[in-house]
>>> print(open('target35.csv').read())   # CSV, C-alpha atoms
chain,number,residue,atom,x,y,z
A,897,MET,CA,157.4,59.5,61.2
A,898,GLU,CA,160.7,61.2,62.3
A,899,PHE,CA,162.4,59.9,65.5
A,900,LEU,CA,164.4,62.5,67.3
A,901,THR,CA,166.2,60.1,69.5
A,902,MET,CA,170.0,59.8,69.4
A,903,ARG,CA,169.8,57.2,72.2
A,904,ILE,CA,168.4,54.7,69.7
A,905,ALA,CA,171.2,55.3,67.2
A,906,ILE,CA,173.9,55.0,69.8
A,907,GLY,CA,172.3,51.8,71.2
A,908,PHE,CA,172.2,50.3,67.6
A,909,ALA,CA,175.9,51.1,67.0
A,910,ALA,CA,176.8,49.6,70.4
A,911,THR,CA,174.8,46.4,69.6
A,912,SER,CA,176.5,45.9,66.3
A,913,LEU,CA,179.9,46.2,67.9
A,914,LEU,CA,179.0,43.5,70.4
A,915,ALA,CA,177.9,41.2,67.6
A,916,THR,CA,181.2,41.7,65.8
A,917,LEU,CA,183.3,41.0,68.8
A,918,PHE,CA,181.4,37.9,69.6
A,919,ALA,CA,181.7,36.5,66.1
A,920,CYS,CA,185.4,37.1,65.9
A,921,THR,CA,186.5,35.6,69.2
A,922,GLY,CA,184.1,32.7,69.3
A,923,ALA,CA,184.5,32.7,73.1
A,924,ASP,CA,181.9,31.1,75.3
A,925,THR,CA,181.6,34.2,77.5
A,926,VAL,CA,181.8,37.8,76.4
A,927,PHE,CA,182.1,40.7,78.9
A,928,VAL,CA,181.1,44.0,77.2
A,929,THR,CA,181.1,47.2,79.2
A,930,GLU,CA,183.5,49.7,77.5
A,931,CYS,CA,181.2,50.5,74.5
A,932,GLU,CA,178.0,51.1,76.4
A,933,PRO,CA,176.8,54.7,76.0
A,934,GLY,CA,176.9,55.4,79.7
A,935,ASN,CA,180.5,54.2,80.2
A,936,LEU,CA,182.6,57.0,81.6
A,937,PHE,CA,185.9,55.6,80.2
A,938,PRO,CA,185.2,54.2,76.7
A,939,SER,CA,188.2,53.0,74.5
A,940,GLU,CA,189.4,55.0,71.6
A,941,ARG,CA,187.7,52.6,69.2
A,942,CYS,CA,184.4,52.9,71.0
A,943,LYS,CA,184.7,56.7,71.0
A,944,ALA,CA,185.0,56.6,67.2
A,945,LEU,CA,182.0,54.3,66.9
A,946,LEU,CA,179.9,56.5,69.1
A,947,ALA,CA,180.9,59.6,67.2
A,948,ASP,CA,179.9,57.9,63.9
A,949,ALA,CA,176.5,57.0,65.4
A,950,GLY,CA,176.0,60.5,66.6
A,951,ALA,CA,176.8,61.9,63.2
A,952,ASP,CA,174.2,59.7,61.5
A,953,ALA,CA,171.4,60.6,63.9
A,954,ASN,CA,169.0,63.4,63.0
A,955,ALA,CA,169.4,65.7,65.9
A,956,GLY,CA,167.1,68.5,64.6
A,957,ASP,CA,167.7,72.2,65.3
A,958,ALA,CA,169.3,73.5,68.5
A,959,ASP,CA,166.1,74.1,70.4
A,960,THR,CA,164.6,70.6,69.7
A,961,LEU,CA,164.4,68.4,72.8
A,962,ASN,CA,167.2,65.8,72.9
A,963,PRO,CA,166.2,63.0,75.4
A,964,GLY,CA,169.5,61.2,74.7
A,965,PRO,CA,173.1,62.2,75.4
A,966,THR,CA,174.7,64.8,73.3
A,967,PRO,CA,178.3,63.6,72.7
A,968,GLN,CA,180.8,66.3,73.6
A,969,ALA,CA,184.4,66.6,74.5
A,970,GLY,CA,184.5,66.2,78.2
A,971,ASN,CA,181.3,65.9,80.2
A,972,THR,CA,178.2,64.5,78.4
A,973,CYS,CA,174.5,65.1,79.1
A,974,THR,CA,172.8,61.7,79.4
A,975,GLN,CA,169.4,63.2,80.0
A,976,ALA,CA,167.7,65.9,78.0
A,977,CYS,CA,169.1,69.2,76.6
A,978,VAL,CA,166.4,71.7,77.1
A,979,PRO,CA,166.6,75.4,75.9
A,980,VAL,CA,166.0,78.5,78.0
A,981,PRO,CA,162.8,80.4,77.2
A,982,SER,CA,162.8,82.8,74.3
A,983,GLY,CA,160.1,85.3,73.4
A,984,GLY,CA,156.9,85.9,75.3
A,985,ALA,CA,156.0,88.6,77.9
A,986,GLY,CA,157.0,88.7,81.5
A,987,TYR,CA,159.8,87.2,83.5
A,988,TRP,CA,160.2,83.4,83.2
A,989,SER,CA,162.5,81.0,85.0
A,990,GLU,CA,165.6,80.3,82.9
A,991,VAL,CA,165.9,76.6,84.0
A,992,PRO,CA,162.9,74.5,83.2
A,993,VAL,CA,161.3,72.2,85.8
A,994,SER,CA,159.6,68.9,85.3
A,995,VAL,CA,155.8,69.2,85.9
A,996,ARG,CA,153.1,66.6,86.1
A,997,PHE,CA,149.5,67.8,85.6
A,998,ASP,CA,146.9,65.4,86.9
A,999,LYS,CA,144.0,65.0,89.3
A,1000,PRO,CA,145.3,66.1,92.8
A,1001,GLU,CA,144.7,62.6,94.2
A,1002,ALA,CA,146.7,61.0,91.4
A,1003,LEU,CA,149.8,63.1,92.0
A,1004,PRO,CA,152.6,61.2,93.9
A,1005,LYS,CA,153.4,62.3,97.4
A,1006,PHE,CA,157.0,62.7,96.5
A,1007,CYS,CA,159.0,63.7,93.5
A,1008,PRO,CA,160.7,61.0,91.4
A,1009,SER,CA,164.2,60.1,92.5
A,1010,SER,CA,165.6,61.6,89.2
A,1011,VAL,CA,164.2,65.0,90.2
A,1012,PRO,CA,163.8,64.7,93.9
A,1013,ASN,CA,163.3,68.4,94.9
A,1014,GLU,CA,159.7,69.6,95.0
A,1015,LYS,CA,159.5,73.1,93.7
A,1016,PHE,CA,155.7,73.6,93.6
A,1017,ARG,CA,152.5,71.7,94.4
A,1018,LEU,CA,149.7,73.8,93.1
A,1019,PHE,CA,146.1,73.6,91.9
A,1020,ASP,CA,143.5,74.8,89.5
A,1021,GLU,CA,139.8,74.3,88.5
A,1022,LEU,CA,138.3,75.2,91.8
A,1023,VAL,CA,134.9,73.8,92.8
A,1024,ALA,CA,133.6,75.7,95.8
A,1025,PRO,CA,129.8,75.7,96.2
A,1026,PRO,CA,128.1,78.2,98.6
A,1027,ALA,CA,128.2,77.6,102.3
A,1028,GLU,CA,125.7,75.2,103.8
A,1029,CYS,CA,124.1,77.2,106.5
A,1030,GLU,CA,122.2,75.7,109.5
A,1031,ALA,CA,118.7,77.1,110.0
A,1032,CYS,CA,118.4,80.2,112.1
A,1033,ALA,CA,116.5,79.9,115.4
A,1034,CYS,CA,115.4,82.4,118.1
A,1035,GLU,CA,115.4,82.3,121.8
A,1036,PRO,CA,112.1,82.6,123.7
A,1037,SER,CA,110.9,86.1,123.8
A,1038,GLU,CA,111.7,88.4,126.7
A,1039,GLY,CA,109.5,91.3,128.0
A,1040,THR,CA,108.0,93.0,131.0
A,1041,CYS,CA,104.5,93.4,132.5
A,1042,GLU,CA,104.4,97.0,133.8
A,1043,GLY,CA,100.8,97.9,132.8
A,1044,GLY,CA,99.4,97.4,136.3
A,1045,PRO,CA,96.1,95.6,137.2
A,1046,PRO,CA,93.1,95.1,135.0
A,1047,GLN,CA,91.4,98.3,133.9
A,1048,ALA,CA,88.0,97.2,135.0
A,1049,ILE,CA,86.6,94.8,137.7
A,1050,GLU,CA,82.9,94.5,138.4
A,1051,ILE,CA,80.5,92.7,140.7
A,1052,ARG,CA,77.6,91.2,138.7
A,1053,ALA,CA,74.0,90.5,139.7
A,1054,GLY,CA,74.0,87.4,137.7
A,1055,THR,CA,76.1,84.4,137.0
A,1056,CYS,CA,79.0,84.4,134.5
A,1057,ALA,CA,76.7,82.8,132.0
A,1058,GLU,CA,74.2,85.7,132.1
A,1059,SER,CA,75.8,88.3,129.7
A,1060,ALA,CA,73.2,91.0,130.3
A,1061,ALA,CA,73.2,90.9,134.1
A,1062,MET,CA,73.4,94.2,136.0
A,1063,SER,CA,76.9,95.1,137.3
A,1064,LEU,CA,78.5,97.3,139.9
A,1065,PRO,CA,82.0,98.7,139.6
A,1066,PHE,CA,84.7,97.0,141.7
A,1067,SER,CA,87.9,98.5,140.4
A,1068,GLY,CA,90.5,100.1,142.6
A,1069,PRO,CA,91.2,103.7,143.1
A,1070,ALA,CA,92.8,106.0,140.5
A,1071,GLY,CA,96.4,105.0,139.9
A,1072,TRP,CA,95.9,101.6,141.6
A,1073,ASP,CA,98.9,99.3,141.4
A,1074,GLY,CA,97.1,96.2,142.5
A,1075,ALA,CA,97.9,96.4,146.2
A,1076,CYS,CA,95.1,95.5,148.7
A,1077,THR,CA,92.2,97.9,148.6
A,1078,SER,CA,88.6,98.0,149.9
A,1079,THR,CA,87.5,100.6,147.3
A,1080,ASN,CA,84.0,99.7,146.0
A,1081,ALA,CA,83.6,97.0,148.7
A,1082,LEU,CA,80.1,95.3,148.9
A,1083,PRO,CA,78.5,94.2,152.2
A,1084,ALA,CA,76.8,90.8,152.5
A,1085,GLY,CA,73.1,90.6,151.3
A,1086,ALA,CA,73.3,93.7,149.1
A,1087,SER,CA,70.3,93.6,146.7
A,1088,CYS,CA,70.3,94.7,143.1
A,1089,GLY,CA,66.7,94.8,141.5
A,1090,GLY,CA,65.4,92.3,144.0
A,1091,GLU,CA,68.2,89.8,143.7
A,1092,PRO,CA,71.7,89.4,145.3
A,1093,CYS,CA,74.2,91.8,143.8
A,1094,ALA,CA,77.3,89.6,144.4
A,1095,GLN,CA,76.6,86.6,142.2
A,1096,SER,CA,79.8,86.8,140.1
A,1097,VAL,CA,83.0,88.9,139.6
A,1098,ARG,CA,84.3,89.7,136.2
A,1099,SER,CA,87.8,91.1,135.3
A,1100,SER,CA,88.9,92.7,132.1
A,1101,PRO,CA,92.3,91.4,130.7
A,1102,LEU,CA,95.5,92.4,132.2
A,1103,PRO,CA,97.5,94.9,130.2
A,1104,GLY,CA,99.8,93.1,127.7
A,1105,PRO,CA,103.6,92.8,127.8
A,1106,THR,CA,105.8,95.7,126.9
A,1107,SER,CA,109.4,96.0,125.7
A,1108,GLU,CA,109.5,92.5,124.4
A,1109,SER,CA,111.6,90.9,121.7
A,1110,CYS,CA,113.4,87.7,120.7
A,1111,ALA,CA,117.2,87.3,120.3
A,1112,PRO,CA,118.7,84.9,117.7
A,1113,LYS,CA,120.3,81.9,119.2
A,1114,SER,CA,123.4,82.9,117.3
A,1115,ALA,CA,124.2,86.1,115.4
A,1116,ALA,CA,124.9,84.0,112.3
A,1117,PRO,CA,124.2,80.2,111.9
A,1118,SER,CA,127.0,77.7,111.9
A,1119,PHE,CA,128.0,76.5,108.4
A,1120,THR,CA,130.2,74.1,106.5
A,1121,THR,CA,132.0,74.6,103.2
A,1122,LYS,CA,133.4,72.3,100.6
A,1123,THR,CA,136.5,73.0,98.5
A,1124,GLU,CA,137.8,70.8,95.8
A,1125,TRP,CA,140.4,71.2,93.1
A,1126,LYS,CA,140.0,69.2,89.9
A,1127,LEU,CA,143.6,69.7,88.6
A,1128,GLY,CA,146.9,69.6,90.4
A,1129,ALA,CA,150.5,70.3,89.4
A,1130,LEU,CA,153.6,68.7,90.9
A,1131,ALA,CA,156.7,70.6,89.8
A,1132,CYS,CA,160.0,68.8,90.5
A,1133,MET,CA,163.7,69.7,89.8
A,1134,ALA,CA,167.2,68.4,90.3
A,1135,ASN,CA,170.6,69.9,89.9
A,1136,THR,CA,171.3,70.9,86.3
A,1137,ASN,CA,174.3,71.3,84.1
A,1138,ASP,CA,174.6,74.0,81.4
A,1139,ASP,CA,178.0,73.0,80.0
A,1140,THR,CA,177.2,69.5,78.7
A,1141,CYS,CA,174.8,70.2,75.9
A,1142,GLY,CA,177.2,71.7,73.4
A,1143,GLU,CA,177.1,74.9,71.4
A,1144,SER,CA,173.8,76.1,70.1
A,1145,ALA,CA,172.1,79.4,69.2
A,1146,THR,CA,170.0,79.2,72.3
A,1147,LYS,CA,171.5,78.3,75.7
A,1148,ARG,CA,170.4,74.8,76.8
A,1149,TYR,CA,170.4,73.0,80.2
A,1150,CYS,CA,170.9,69.3,80.8
A,1151,VAL,CA,167.7,68.4,82.7
A,1152,ALA,CA,166.7,65.0,84.2
A,1153,ASP,CA,163.9,63.2,82.4
A,1154,PRO,CA,161.5,61.7,85.0
A,1155,GLY,CA,159.2,60.0,82.4
A,1156,PRO,CA,156.3,60.5,80.0
A,1157,GLU,CA,153.9,61.8,82.7
A,1158,PHE,CA,156.0,65.0,83.1
A,1159,LEU,CA,156.5,68.0,80.8
A,1160,TYR,CA,159.4,70.5,80.7
A,1161,CYS,CA,158.0,73.8,81.8
A,1162,VAL,CA,159.2,77.3,82.7
A,1163,HIS,CA,157.3,79.3,85.2
A,1164,GLY,CA,156.6,82.9,86.2
A,1165,GLN,CA,155.0,84.6,89.2
A,1166,GLY,CA,151.5,85.8,88.6
A,1167,VAL,CA,149.2,85.5,85.6
A,1168,LEU,CA,151.5,85.8,82.6
A,1169,GLU,CA,150.8,85.6,78.9
A,1170,PRO,CA,151.7,84.9,76.2
A,1171,CYS,CA,154.1,82.0,76.7
A,1172,PRO,CA,157.6,82.0,75.4
A,1173,ASP,CA,157.8,80.9,71.7
A,1174,ASN,CA,159.6,77.7,72.5
A,1175,TYR,CA,157.3,76.8,75.5
A,1176,ASN,CA,153.9,77.3,74.0
A,1177,HIS,CA,152.5,73.8,73.8
A,1178,GLU,CA,150.6,74.0,77.1
A,1179,ARG,CA,149.8,76.9,79.5
A,1180,HIS,CA,148.5,76.5,83.0
A,1181,GLU,CA,147.7,79.0,85.7
A,1182,MET,CA,148.0,77.2,89.1
A,1183,TYR,CA,147.3,78.4,92.6
A,1184,PRO,CA,148.0,77.6,96.2
A,1185,GLU,CA,145.7,75.1,97.9
A,1186,GLU,CA,144.1,77.7,100.2
A,1187,PRO,CA,141.8,79.9,98.1
A,1188,ILE,CA,140.5,83.4,99.0
A,1189,ASP,CA,137.4,82.3,100.8
A,1190,ASP,CA,134.8,84.6,102.5
A,1191,ARG,CA,131.9,82.2,102.3
A,1192,GLY,CA,129.5,82.3,105.3
A,1193,CYS,CA,125.9,83.1,106.2
A,1194,GLU,CA,123.8,86.2,106.5
A,1195,ALA,CA,122.9,87.3,110.0
A,1196,CYS,CA,119.9,85.8,111.7
A,1197,GLU,CA,116.9,87.9,112.6
A,1198,CYS,CA,113.7,87.3,114.7
A,1199,GLY,CA,110.2,88.5,114.1
A,1200,ALA,CA,107.6,89.8,116.6
A,1201,PRO,CA,106.8,87.7,119.6
A,1202,MET,CA,103.8,85.5,119.4
A,1203,GLY,CA,102.0,83.7,122.3
A,1204,SER,CA,103.6,85.9,125.0
A,1205,ALA,CA,101.4,87.2,127.8
A,1206,CYS,CA,101.1,88.7,131.3
A,1207,MET,CA,99.5,86.5,133.9
A,1208,GLY,CA,98.5,87.0,137.6
A,1209,SER,CA,95.9,86.5,140.2
A,1210,LEU,CA,92.9,88.5,141.4
A,1211,ARG,CA,92.3,87.7,145.1
A,1212,LEU,CA,89.0,88.4,146.8
A,1213,TYR,CA,88.6,88.9,150.6
A,1214,ASP,CA,85.8,88.9,153.2
A,1215,ASP,CA,87.3,91.7,155.2
A,1216,ALA,CA,88.7,95.2,154.3
A,1217,VAL,CA,92.4,94.5,155.0
A,1218,CYS,CA,92.9,91.4,152.9
A,1219,SER,CA,93.4,89.0,155.8
A,1220,SER,CA,90.5,86.6,154.9
A,1221,GLN,CA,90.7,85.3,151.3
A,1222,PHE,CA,87.8,83.4,149.9
A,1223,GLU,CA,88.6,83.4,146.1
A,1224,GLN,CA,91.6,83.5,143.8
A,1225,LEU,CA,90.9,84.1,140.1
A,1226,GLY,CA,93.6,83.5,137.5
A,1227,ILE,CA,93.7,86.5,135.1
A,1228,SER,CA,95.9,87.2,132.1
A,1229,SER,CA,96.3,89.5,129.1
A,1230,PHE,CA,94.7,86.8,126.8
A,1231,GLY,CA,91.2,87.9,127.8
A,1232,GLU,CA,88.6,88.7,130.5
A,1233,LYS,CA,87.9,86.2,133.3
A,1234,CYS,CA,84.7,85.6,135.4
A,1235,THR,CA,84.0,83.6,138.5
A,1236,ASP,CA,80.7,82.8,140.2
A,1237,MET,CA,80.3,83.7,144.0
A,1238,GLN,CA,79.5,81.0,146.5
A,1239,PRO,CA,77.2,81.6,148.2
A,1240,PRO,CA,75.5,84.4,146.0
A,1241,GLY,CA,75.1,87.7,147.9
A,1242,ARG,CA,78.1,87.2,150.1
A,1243,ALA,CA,80.3,90.2,151.3
A,1244,ILE,CA,83.2,91.2,149.2
A,1245,GLY,CA,85.3,93.4,151.4
A,1246,ALA,CA,88.6,93.9,149.5
A,1247,LYS,CA,90.7,92.8,146.6
A,1248,ALA,CA,94.3,92.6,145.4
A,1249,VAL,CA,96.1,91.7,142.2
A,1250,THR,CA,99.3,89.7,142.8
A,1251,GLY,CA,101.9,87.6,141.0
A,1252,VAL,CA,101.9,89.4,137.7
A,1253,THR,CA,104.6,87.8,135.6
A,1254,TYR,CA,105.7,87.7,131.9
A,1255,VAL,CA,105.0,84.5,129.9
A,1256,HIS,CA,107.5,83.9,127.2
A,1257,GLY,CA,106.4,83.7,123.6
A,1258,THR,CA,108.1,82.6,120.4
A,1259,CYS,CA,109.5,84.4,117.4
A,1260,SER,CA,109.8,83.3,113.8
A,1261,SER,CA,113.4,83.4,112.4
A,1262,SER,CA,114.7,84.7,109.2
A,1263,GLY,CA,118.1,85.4,107.5
A,1264,GLY,CA,120.9,82.9,107.5
A,1265,ALA,CA,121.2,82.7,103.7
A,1266,PRO,CA,124.6,81.8,102.2
A,1267,LYS,CA,126.8,84.6,101.2
A,1268,GLY,CA,130.3,85.2,99.9
A,1269,SER,CA,132.4,83.0,97.6
A,1270,ALA,CA,135.7,81.3,97.2
A,1271,SER,CA,138.2,82.0,94.4
A,1272,PRO,CA,141.8,81.2,93.5
A,1273,ASN,CA,144.4,83.5,94.9
A,1274,LYS,CA,145.4,85.4,91.7
A,1275,LEU,CA,148.2,87.3,93.6
A,1276,SER,CA,149.9,84.0,94.4
A,1277,ALA,CA,149.4,82.4,90.9
A,1278,ILE,CA,152.2,80.6,89.1
A,1279,THR,CA,151.9,80.4,85.4
A,1280,PHE,CA,153.5,77.4,83.7
A,1281,CYS,CA,154.4,77.3,80.0
A,1282,CYS,CA,155.4,73.9,78.8
A,1283,ARG,CA,157.1,72.2,75.8
A,1284,ARG,CA,155.7,69.2,74.0
A,1285,SER,CA,156.7,66.0,75.8
A,1286,ASN,CA,159.9,64.6,74.4
A,1287,TRP,CA,158.2,61.2,74.7
A,1288,ILE,CA,155.8,62.1,71.9
A,1289,VAL,CA,157.5,61.4,68.6
A,1290,GLU,CA,156.1,62.5,65.2
>>> encode(input="target35.csv", output="structure tokens")
Amino acid sequence: MEFLTMRIAIGFAATSLLATLFACTGADTVFVTECEPGNLFPSERCKALLADAGADANAGDADTLNPGPTPQAGNTCTQACVPVPSGGAGYWSEVPVSVRFDKPEALPKFCPSSVPNEKFRLFDELVAPPAECEACACEPSEGTCEGGPPQAIEIRAGTCAESAAMSLPFSGPAGWDGACTSTNALPAGASCGGEPCAQSVRSSPLPGPTSESCAPKSAAPSFTTKTEWKLGALACMANTNDDTCGESATKRYCVADPGPEFLYCVHGQGVLEPCPDNYNHERHEMYPEEPIDDRGCEACECGAPMGSACMGSLRLYDDAVCSSQFEQLGISSFGEKCTDMQPPGRAIGAKAVTGVTYVHGTCSSSGGAPKGSASPNKLSAITFCCRRSNWIVE
């Protein structure tokens, strides 16, 4: 297994130096600061030791990640020297960012202190089932009763129970609108075949409703949607230095190393591929949290009304001007009605049809099926191409 970590080599050299100093002086207390790798003002002797340790370490080629410092004249990178992207199609960011890919709920709320600036917080692996639509419903039916009075009214020489009894017409005049009329009036004691004519009065059904329909309670039902992302990406960055990583065939930046959960990645706007040659370990297309979402429900519709009717009253009078009522028979469009006269053979001088009103019915509902879908916003995609983590040593 090959360890590409100069930090270990430098740390070993520094430890050996401490041991030598301690053995030679024999002092009870030793203060060692000048030969630590992070010391900004090492002594000349420590500079030589650090240089020797750096020469012995296997630093790899110029594009290999270097999580430790790269000793240079002047400023020194104490984090990681990471190359700019090379090869691949499309425009890629030159400076890599530190990206953590994880379940969205597992991502931290803030970037680590070493890379405190949040560049992106994006998502992938969208789960967006169809809308959950409430059931459609219809308002009660609406309609009108403009058909006029019953088409036929008759006086019968028999009770309502006698279906074959003789009958006399008792309808109104042509074009009758139901107002009081004495047309076809019958005096008291009129005889039909040796028995009283006025034993019962029967009416045909009222004409049924017209122009009726039901309206949906809402044009489309209310609905709920669920949206979930299974993968999130938190991209963080800090100020970088491009003059502390030394000379190499490929330009390198000194980039902070926030830990093993993060990868060094370059990014590009849109869906880009292939990745740069030196950033092809992992590729991710990530998207904003709000997807393109046109989920909803189909329009609600209502069927034909059922149970609706026209209802009114047939009023019977002793006199010809409808001033002395003796009977009121409820009539409707549901069917014919009959009432027995008390006493049989009495006078029926006039009639009127009043109070005709529409009775609301119900309608069956249909429609309201889920429609549409949700999908990631490809126009706002960010493609990440990432190097192998420098914490993985082979």
>>> atom_distance(input="target35.csv", atom1="CA of Phe997 (chain A)", atom2="CA of Cys1281 (chain A)")
12.1 Å
>>> atom_distance(input="target35.csv", atom1="CA of Ala1270 (chain A)", atom2="CA of Gly1164 (chain A)")
23.7 Å
>>> atom_distance(input="target35.csv", atom1="CA of Gly1231 (chain A)", atom2="CA of Met1062 (chain A)")
20.6 Å
>>> closest_residue(input="target35.csv", among="A:Asp1214, A:Lys1015, A:Gly1264, A:Met1182", to="Leu1168 (chain A)", atoms="all atoms listed in the file")
A:Met1182
>>> residues_around(input="target35.csv", residues="Ser1209 (chain A)", least_positions_apart="2", cutoff="12 Å", atoms="only C-alpha atoms", output="JSON, numbers by chain")
{"A": [1045, 1046, 1074, 1075, 1099, 1101, 1102, 1206, 1207, 1211, 1212, 1223, 1224, 1225, 1226, 1227, 1228, 1229, 1233, 1247, 1248, 1249, 1250, 1251, 1252, 1253]}
>>> residues_around(input="target35.csv", residues="Glu1186 (chain A)", least_positions_apart="4", cutoff="10 Å", atoms="all atoms listed in the file", output="list in words")
Leu1018, Phe1019, Thr1123, Ala1270, Ser1271, Pro1272 and Asn1273 of chain A
>>> residues_around(input="target35.csv", residues="region 1125-1130 of chain A", least_positions_apart="6", cutoff="10 Å", atoms="all atoms listed in the file", output="number ranges by chain")
A: 993-1007, 1014-1024, 1158, 1180-1185, 1280
>>> write_last_selection(input="target35.csv", atoms="C-alpha atoms", output="compact mmCIF listing (two decimals), in the coordinates of the input")
# COMPACT_ATOMS: atom_id res chain seq x y z
CA VAL A 993 161.30 72.20 85.80
CA SER A 994 159.60 68.90 85.30
CA VAL A 995 155.80 69.20 85.90
CA ARG A 996 153.10 66.60 86.10
CA PHE A 997 149.50 67.80 85.60
CA ASP A 998 146.90 65.40 86.90
CA LYS A 999 144.00 65.00 89.30
CA PRO A 1000 145.30 66.10 92.80
CA GLU A 1001 144.70 62.60 94.20
CA ALA A 1002 146.70 61.00 91.40
CA LEU A 1003 149.80 63.10 92.00
CA PRO A 1004 152.60 61.20 93.90
CA LYS A 1005 153.40 62.30 97.40
CA PHE A 1006 157.00 62.70 96.50
CA CYS A 1007 159.00 63.70 93.50
CA GLU A 1014 159.70 69.60 95.00
CA LYS A 1015 159.50 73.10 93.70
CA PHE A 1016 155.70 73.60 93.60
CA ARG A 1017 152.50 71.70 94.40
CA LEU A 1018 149.70 73.80 93.10
CA PHE A 1019 146.10 73.60 91.90
CA ASP A 1020 143.50 74.80 89.50
CA GLU A 1021 139.80 74.30 88.50
CA LEU A 1022 138.30 75.20 91.80
CA VAL A 1023 134.90 73.80 92.80
CA ALA A 1024 133.60 75.70 95.80
CA PHE A 1158 156.00 65.00 83.10
CA HIS A 1180 148.50 76.50 83.00
CA GLU A 1181 147.70 79.00 85.70
CA MET A 1182 148.00 77.20 89.10
CA TYR A 1183 147.30 78.40 92.60
CA PRO A 1184 148.00 77.60 96.20
CA GLU A 1185 145.70 75.10 97.90
CA PHE A 1280 153.50 77.40 83.70
>>> closest_residue(input="target35.csv", among="A:Val1162, A:Met1237, A:Cys1132, A:Cys1034", to="Tyr1213 (chain A)", atoms="only C-alpha atoms")
A:Met1237
>>> decode(input="target35.csv", residues="region 1226-1268 of chain A", atoms="C-alpha atoms", output="CSV table (one decimal), in the first residue's frame")
chain,number,residue,atom,x,y,z
A,1226,GLY,CA,-100.8,17.6,-4.0
A,1227,ILE,CA,-99.6,16.9,-7.5
A,1228,SER,CA,-96.1,16.3,-9.0
A,1229,SER,CA,-94.2,15.2,-12.0
A,1230,PHE,CA,-93.6,11.8,-10.3
A,1231,GLY,CA,-97.0,10.4,-11.2
A,1232,GLU,CA,-100.7,10.9,-11.3
A,1233,LYS,CA,-102.8,11.7,-8.2
A,1234,CYS,CA,-106.4,10.9,-7.2
A,1235,THR,CA,-108.6,12.0,-4.4
A,1236,ASP,CA,-112.1,10.8,-3.3
A,1237,MET,CA,-114.9,13.4,-3.0
A,1238,GLN,CA,-116.7,13.8,0.2
A,1239,PRO,CA,-119.6,13.7,0.0
A,1240,PRO,CA,-119.9,11.9,-3.4
A,1241,GLY,CA,-121.9,13.8,-6.0
A,1242,ARG,CA,-121.1,17.2,-4.7
A,1243,ALA,CA,-120.7,20.3,-7.0
A,1244,ILE,CA,-117.2,21.0,-8.4
A,1245,GLY,CA,-117.5,24.6,-9.7
A,1246,ALA,CA,-113.9,25.6,-10.5
A,1247,LYS,CA,-110.2,24.6,-10.2
A,1248,ALA,CA,-106.7,26.1,-10.1
A,1249,VAL,CA,-103.2,24.8,-10.1
A,1250,THR,CA,-100.9,26.8,-7.8
A,1251,GLY,CA,-97.5,26.7,-6.2
A,1252,VAL,CA,-95.6,24.8,-8.9
A,1253,THR,CA,-92.0,24.7,-7.8
A,1254,TYR,CA,-88.8,22.9,-8.8
A,1255,VAL,CA,-87.5,20.1,-6.4
A,1256,HIS,CA,-83.8,19.8,-6.5
A,1257,GLY,CA,-82.2,16.5,-7.5
A,1258,THR,CA,-78.7,15.1,-7.3
A,1259,CYS,CA,-76.0,14.3,-9.9
A,1260,SER,CA,-73.3,11.7,-9.9
A,1261,SER,CA,-69.8,13.2,-10.1
A,1262,SER,CA,-66.9,12.1,-12.3
A,1263,GLY,CA,-63.4,13.4,-13.2
A,1264,GLY,CA,-60.8,14.6,-10.7
A,1265,ALA,CA,-58.2,12.0,-11.6
A,1266,PRO,CA,-54.5,13.0,-10.9
A,1267,LYS,CA,-52.6,14.6,-13.8
A,1268,GLY,CA,-49.2,16.1,-14.5
